[in-house]
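Source file: query_3.pdb. Holds: PDB, C-alpha atoms.
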ATOM      1  CA  PHE G 999     196.234-102.091 -88.500
ATOM      2  CA  ALA G1000     197.748 -98.608 -88.193
ATOM      3  CA  TYR G1001     197.441 -95.930 -85.533
ATOM      4  CA  ARG G1002     199.312 -93.146 -83.719
ATOM      5  CA  ASN G1003     200.360 -92.972 -80.110
ATOM      6  CA  GLY G1004     201.232 -90.201 -77.674
ATOM      7  CA  SER G1005     205.012 -90.511 -77.806
ATOM      8  CA  THR G1006     205.702 -90.046 -81.543
ATOM      9  CA  LEU G1007     202.735 -88.383 -83.209
ATOM     10  CA  ASP G1008     204.602 -87.836 -86.486
ATOM     11  CA  ILE G1009     205.374 -91.547 -87.013
ATOM     12  CA  PRO G1010     202.404 -93.845 -87.707
ATOM     13  CA  LYS G1011     202.562 -97.151 -85.851
ATOM     14  CA  TYR G1012     201.284-100.502 -87.061
ATOM     15  CA  LYS G1013     200.895-104.115 -86.022
ATOM     16  CA  TYR G1014     200.124-107.387 -87.807
ATOM     17  CA  TYR G1015     197.439-109.764 -86.662
ATOM     18  CA  GLN G1016     198.666-113.275 -87.416
ATOM     19  CA  SER G1017     197.928-116.691 -85.949
ATOM     20  CA  SER G1018     195.396-115.201 -83.504
ATOM     21  CA  GLN G1019     197.865-112.767 -81.982
ATOM     22  CA  LEU G1020     199.240-109.266 -82.497
ATOM     23  CA  SER G1021     202.818-108.627 -83.539
ATOM     24  CA  ASP G1022     205.145-106.172 -81.838
ATOM     25  CA  GLU G1023     204.634-102.507 -82.629
ATOM     26  CA  ARG G1024     206.457-101.261 -85.736
ATOM     27  CA  ASN G1025     207.132 -97.830 -87.224
ATOM     28  CA  ALA G1026     205.952 -96.710 -90.639
ATOM     29  CA  SER G1027     207.841 -93.922 -92.400
ATOM     30  CA  THR G1028     207.916 -90.533 -90.677
ATOM     31  CA  VAL G1029     205.368 -88.387 -92.467
ATOM     32  CA  THR G1030     205.428 -84.912 -90.944
ATOM     33  CA  ALA G1031     206.636 -82.640 -88.215
ATOM     34  CA  THR G1032     203.130 -82.406 -86.814
ATOM     35  CA  THR G1033     200.463 -84.801 -85.567
ATOM     36  CA  ALA G1034     198.935 -87.351 -87.938
ATOM     37  CA  GLN G1035     195.219 -86.545 -87.542
ATOM     38  CA  TRP G1036     193.630 -89.092 -89.906
ATOM     39  CA  ILE G1037     194.993 -92.525 -90.798
ATOM     40  CA  VAL G1038     193.616 -94.942 -93.408
ATOM     41  CA  ILE G1039     195.170 -98.313 -94.292
ATOM     42  CA  LYS G1040     193.859-100.692 -96.967
ATOM     43  CA  SER G1041     195.087-104.118 -98.121
ATOM     44  CA  ASN G1042     195.647-105.312-101.687
ATOM     45  CA  PRO G1043     193.508-108.329-102.704
ATOM     46  CA  LYS G1044     196.084-109.511-105.274
ATOM     47  CA  ARG G1045     199.504-108.748-103.785
ATOM     48  CA  ASP G1046     201.084-108.847-100.332
ATOM     49  CA  GLU G1047     200.793-105.083-100.079
ATOM     50  CA  PHE G1048     199.181-102.337 -97.996
ATOM     51  CA  ILE G1049     198.762 -98.618 -98.637
ATOM     52  CA  LEU G1050     198.791 -96.210 -95.700
ATOM     53  CA  GLY G1051     197.465 -92.657 -95.969
ATOM     54  CA  THR G1052     197.910 -89.959 -93.321
ATOM     55  CA  LEU G1053     196.535 -86.426 -93.150
ATOM     56  CA  ASP G1054     198.454 -84.318 -90.641
ATOM     57  CA  GLY G1055     197.830 -81.163 -88.637
ATOM     58  CA  SER G1056     199.590 -79.040 -91.269
ATOM     59  CA  GLY G1057     197.106 -80.167 -93.892
ATOM     60  CA  ASP G1058     199.504 -82.482 -95.766
ATOM     61  CA  LEU G1059     198.411 -85.848 -97.194
ATOM     62  CA  ASN G1060     201.113 -88.525 -97.394
ATOM     63  CA  LEU G1061     200.889 -92.028 -98.883
ATOM     64  CA  GLN G1062     203.253 -94.961 -98.378
ATOM     65  CA  VAL G1063     203.269 -98.563 -99.581
ATOM     66  CA  HIS G1064     204.033-101.630 -97.462
ATOM     67  CA  TYR G1065     205.661-104.775 -98.853
ATOM     68  CA  ASN G1066     208.443-107.090 -97.692
ATOM     69  CA  TYR G1067     207.557-106.136 -94.105
ATOM     70  CA  ASN G1068     208.447-102.452 -94.546
ATOM     71  CA  PHE G1069     206.834 -99.212 -95.675
ATOM     72  CA  SER G1070     208.442 -97.242 -98.519
ATOM     73  CA  ASN G1071     207.535 -95.094-101.550
ATOM     74  CA  LEU G1072     206.551 -92.197 -99.266
ATOM     75  CA  THR G1073     204.726 -89.677-101.447
ATOM     76  CA  GLU G1074     203.182 -86.340-100.483
ATOM     77  CA  VAL G1075     200.212 -85.812-102.776
ATOM     78  CA  ALA G1076     198.525 -82.771-101.236
ATOM     79  CA  THR G1077     199.734 -79.934 -99.031
ATOM     80  CA  GLY G1078     198.270 -77.098 -97.052
ATOM     81  CA  TYR G1079     194.701 -78.146 -96.346
ATOM     82  CA  SER G1080     193.195 -75.314 -94.318
ATOM     83  CA  THR G1081     193.109 -75.677 -90.544
ATOM     84  CA  VAL G1082     189.379 -76.319 -90.906
ATOM     85  CA  GLU G1083     189.578 -78.870 -93.718
ATOM     86  CA  ASP G1084     192.179 -81.077 -92.019
ATOM     87  CA  ASN G1085     189.674 -81.683 -89.208
ATOM     88  CA  TYR G1086     187.799 -83.899 -91.691
ATOM     89  CA  LYS G1087     188.775 -87.142 -93.432
ATOM     90  CA  GLY G1088     189.060 -85.673 -96.904
ATOM     91  CA  PHE G1089     190.570 -88.775 -98.521
ATOM     92  CA  ASP G1090     190.143 -92.522 -98.863
ATOM     93  CA  ILE G1091     191.781 -95.523-100.545
ATOM     94  CA  GLY G1092     190.241 -98.330-102.584
ATOM     95  CA  PHE G1093     191.656-101.343-104.445
ATOM     96  CA  GLU G1094     190.305-102.731-107.704
ATOM     97  CA  GLN G1095     189.483-106.285-106.685
ATOM     98  CA  ASP G1096     190.397-107.898-110.015
ATOM     99  CA  THR G1097     193.633-106.016-110.834
ATOM    100  CA  GLY G1098     195.058-104.979-107.450
ATOM    101  CA  ASP G1099     195.492-101.374-108.600
ATOM    102  CA  ALA G1100     194.749 -98.785-105.910
ATOM    103  CA  ILE G1101     192.763 -95.567-106.336
ATOM    104  CA  VAL G1102     193.200 -92.727-103.842
ATOM    105  CA  VAL G1103     190.602 -89.933-103.901
ATOM    106  CA  TYR G1104     191.390 -86.773-101.957
ATOM    107  CA  ASN G1105     190.682 -83.085-101.455
ATOM    108  CA  ASP G1106     193.314 -81.041-103.268
ATOM    109  CA  THR G1107     192.874 -77.255-103.174
ATOM    110  CA  GLY G1108     189.132 -77.632-102.812
ATOM    111  CA  GLY G1109     188.479 -80.164-105.584
ATOM    112  CA  GLU G1110     188.132 -83.939-105.925
ATOM    113  CA  THR G1111     191.394 -85.422-107.200
ATOM    114  CA  TYR G1112     192.578 -89.017-107.625
ATOM    115  CA  ILE G1113     195.777 -90.940-108.345
ATOM    116  CA  ILE G1114     196.397 -94.611-109.183
ATOM    117  CA  TRP G1115     199.005 -97.036-107.782
ATOM    118  CA  ASN G1116     199.806 -99.876-110.224
ATOM    119  CA  GLY G1117     202.145-101.855-107.973
ATOM    120  CA  SER G1118     205.309 -99.986-108.882
ATOM    121  CA  SER G1119     204.523 -96.270-109.271
ATOM    122  CA  TRP G1120     201.909 -93.560-108.810
ATOM    123  CA  SER G1121     200.116 -92.015-111.761
ATOM    124  CA  ALA G1122     199.796 -88.304-112.384
ATOM    125  CA  GLU G1123     196.962 -86.497-110.607
ATOM    126  CA  ASN G1124     193.564 -86.514-112.283
ATOM    127  CA  ASN G1125     190.341 -84.661-111.517
ATOM    128  CA  LEU G1126     187.017 -86.386-110.998
ATOM    129  CA  ASN G1127     184.228 -85.463-113.385
ATOM    130  CA  PRO G1128     182.036 -82.541-112.259
ATOM    131  CA  ASP G1129     178.979 -83.513-110.234
ATOM    132  CA  GLY G1130     176.228 -81.872-108.214
ATOM    133  CA  CYS G1131     178.458 -80.914-105.274
ATOM    134  CA  THR G1132     180.072 -77.490-105.550
ATOM    135  CA  GLY G1133     181.784 -77.196-102.156
ATOM    136  CA  SER G1134     185.183 -78.437-101.049
ATOM    137  CA  PRO G1135     185.058 -82.227-100.329
ATOM    138  CA  ARG G1136     185.353 -82.833 -96.592
ATOM    139  CA  TRP G1137     184.482 -86.467 -95.923
ATOM    140  CA  ILE G1138     185.305 -89.154 -98.510
ATOM    141  CA  GLU G1139     184.386 -92.857 -98.355
ATOM    142  CA  ILE G1140     185.245 -95.615-100.877
ATOM    143  CA  ASP G1141     184.023 -99.207-101.032
ATOM    144  CA  GLU G1142     185.263-101.928-103.391
ATOM    145  CA  LEU G1143     182.870-103.913-105.574
ATOM    146  CA  ARG G1144     183.667-107.610-105.406
ATOM    147  CA  ASN G1145     185.473-109.363-108.307
ATOM    148  CA  SER G1146     185.631-106.240-110.462
ATOM    149  CA  SER G1147     187.514-103.006-111.107
ATOM    150  CA  ASN G1148     184.538-100.989-109.866
ATOM    151  CA  LEU G1149     184.684 -98.718-106.820
ATOM    152  CA  ALA G1150     181.841 -96.836-105.165
ATOM    153  CA  MET G1151     182.727 -93.423-103.743
ATOM    154  CA  MET G1152     180.625 -90.904-101.819
ATOM    155  CA  TYR G1153     181.688 -87.610-100.311
ATOM    156  CA  LEU G1154     180.273 -84.792 -98.236
ATOM    157  CA  ASP G1155     181.206 -81.263 -99.304
ATOM    158  CA  PHE G1156     181.612 -77.961 -97.451
ATOM    159  CA  ASN G1157     177.950 -77.079 -98.097
ATOM    160  CA  GLY G1158     176.726 -80.293 -96.452
ATOM    161  CA  ASP G1159     175.734 -81.890 -99.777
ATOM    162  CA  LEU G1160     176.437 -85.545-100.613
ATOM    163  CA  CYS G1161     177.543 -86.779-104.040
ATOM    164  CA  GLY G1162     178.418 -90.244-105.317
ATOM    165  CA  GLN G1163     180.513 -91.506-108.212
ATOM    166  CA  LEU G1164     181.275 -94.980-109.579
ATOM    167  CA  TRP G1165     184.721 -95.994-110.906
ATOM    168  CA  ASN G1166     184.560 -98.535-113.753
ATOM    169  CA  GLY G1167     188.293 -99.195-114.041
ATOM    170  CA  THR G1168     188.842 -96.255-116.385
ATOM    171  CA  ASN G1169     186.533 -93.352-115.534
ATOM    172  CA  TRP G1170     184.350 -91.902-112.782
ATOM    173  CA  THR G1171     180.617 -91.491-113.391
ATOM    174  CA  GLN G1172     178.152 -89.703-111.129
ATOM    175  CA  VAL G1173     175.431 -91.881-109.622
ATOM    176  CA  PHE G1174     172.110 -90.676-108.292
ATOM    177  CA  PRO G1175     169.862 -92.119-105.559
ATOM    178  CA  GLY G1176     166.117 -92.225-106.039
ATOM    179  CA  THR G1177     165.867 -89.411-103.490
ATOM    180  CA  SER G1178     168.730 -87.470-101.945
ATOM    181  CA  PRO G1179     169.674 -87.894 -98.261
ATOM    182  CA  SER G1180     169.672 -84.937 -95.910
ATOM    183  CA  LYS G1181     172.885 -83.047 -95.121
ATOM    184  CA  ARG G1182     175.296 -84.922 -92.814
ATOM    185  CA  SER G1183     178.932 -85.828 -92.123
ATOM    186  CA  ASP G1184     180.731 -88.990 -90.938
ATOM    187  CA  VAL G1185     178.794 -91.252 -93.289
ATOM    188  CA  GLY G1186     179.491 -94.918 -93.987
ATOM    189  CA  ILE G1187     178.989 -96.657 -97.326
ATOM    190  CA  ALA G1188     179.075-100.251 -98.556
ATOM    191  CA  TYR G1189     178.309-102.089-101.775
ATOM    192  CA  ASP G1190     175.532-104.688-101.574
ATOM    193  CA  SER G1191     176.760-107.191-104.177
ATOM    194  CA  ALA G1192     173.629-109.345-103.994
ATOM    195  CA  ARG G1193     171.375-106.440-105.008
ATOM    196  CA  GLN G1194     174.084-104.433-106.820
ATOM    197  CA  LYS G1195     173.340-101.279-104.869
ATOM    198  CA  ILE G1196     175.491 -98.693-103.086
ATOM    199  CA  VAL G1197     174.197 -98.231 -99.527
ATOM    200  CA  LEU G1198     174.780 -95.145 -97.380
ATOM    201  CA  PHE G1199     174.171 -95.407 -93.648
ATOM    202  CA  SER G1200     173.882 -92.960 -90.795
ATOM    203  CA  GLY G1201     175.785 -89.685 -90.379
ATOM    204  CA  TYR G1202     176.006 -86.726 -88.038
ATOM    205  CA  TYR G1203     174.273 -83.352 -88.496
ATOM    206  CA  PRO G1204     174.113 -80.765 -87.077
ATOM    207  CA  SER G1205     174.652 -81.993 -83.509
ATOM    208  CA  SER G1206     173.122 -85.459 -83.368
ATOM    209  CA  CYS G1207     173.466 -88.898 -84.937
ATOM    210  CA  ILE G1208     171.237 -89.654 -87.949
ATOM    211  CA  LYS G1209     170.043 -93.256 -88.089
ATOM    212  CA  ASP G1210     168.800 -93.897 -91.601
ATOM    213  CA  THR G1211     169.812 -95.745 -94.773
ATOM    214  CA  TRP G1212     169.913 -94.604 -98.406
ATOM    215  CA  GLU G1213     170.504 -96.551-101.614
TER     216      GLU G1213
END
For this file, write the structure as structure tokens.
Amino acid sequence: FAYRNGSTLDIPKYKYYQSSQLSDERNASTVTATTAQWIVIKSNPKRDEFILGTLDGSGDLNLQVHYNYNFSNLTEVATGYSTVEDNYKGFDIGFEQDTGDAIVVYNDTGGETYIIWNGSSWSAENNLNPDGCTGSPRWIEIDELRNSSNLAMMYLDFNGDLCGQLWNGTNWTQVFPGTSPSKRSDVGIAYDSARQKIVLFSGYYPSSCIKDTWE
């Protein structure tokens, strides 16, 4: 798992959990001259590999890949989020469960952008297909669909609207619930493989926790 601590806010820290115990603290690559505000780490189901994403106080999004017990391939994919936007987790990482390729979706200059890691290099940036959300994406969540290349992604935009898209290994397609949930932030999503449904739970708006579920 990855985290920051009070002594070196510009260097993400991480530990392994092996044989029922935690390893010593290690340093990932230095990402910025300012505090890392949001940290996401995801593991590859096919290779001994992790991808770490950090969004810092300057609004820069950096990605790095871990293998052979070290992080490398540090890549800055977005810069200059506004001081408001970097208060939100405007990115997430998901792995295709059958190929091991990673998809990173993030807010880049107010739009939904994604790149792909194939195990050796990052792809060029691509834009998601237009959907019903017109505001800047602020909170992005991805869940992997078991034994497939499919990913479920939902995001909250600046206007408080929620939109969802499904990755089929090649393209993103907008998905629609039977009825739309109310405006909220800090949502969680998961894929129910038994029923083949994307489930959204909870959220926060405007000043209290929302305790409901949407499919």
Selection near Ser1027 of chain G, 8 Å with all atoms listed in the file, sequence-local residues under 2 positions removed, as an NGL selection string: :G and (1009-1010 or 1025 or 1029 or 1062 or 1069-1070 or 1072)
Residue neighbourhood segment 1154-1162 of chain G, 6 Å, only C-alpha atoms, exclusion window fewer than 6 positions, as a VMD selection string: chain G and resid 1133 to 1137 1172 to 1173 1181
Between atom CA of Val1102 of chain G and atom CA of His1064 of chain G, distance in Å (one decimal): 15.4 Å
Distance criterion (only C-alpha atoms): nearest to Ile1114 of chain G out of G:Val1038, G:Ala1150, G:Asn1169, G:Gly1186: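 Counting only C-alpha atoms, the residue closest to Ile1114 of chain G is G:Asn1169.
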Contacts of Glu1074 of chain G within 8 Å, only C-alpha atoms, excl. fewer than 5 positions in-chain, as a list in words: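 Near Glu1074 of chain G, the qualifying residues are Asp1058, Leu1059, Asn1060 and Leu1061 of chain G.
For the pair atom CA of Asp1106 of chain G and atom CA of Glu1142 of chain G, the interatomic distance is 22.4 Å.
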Atom pair atom CA of Ala1188 of chain G / atom CA of Trp1212 of chain G: separation (Å): 10.8 Å
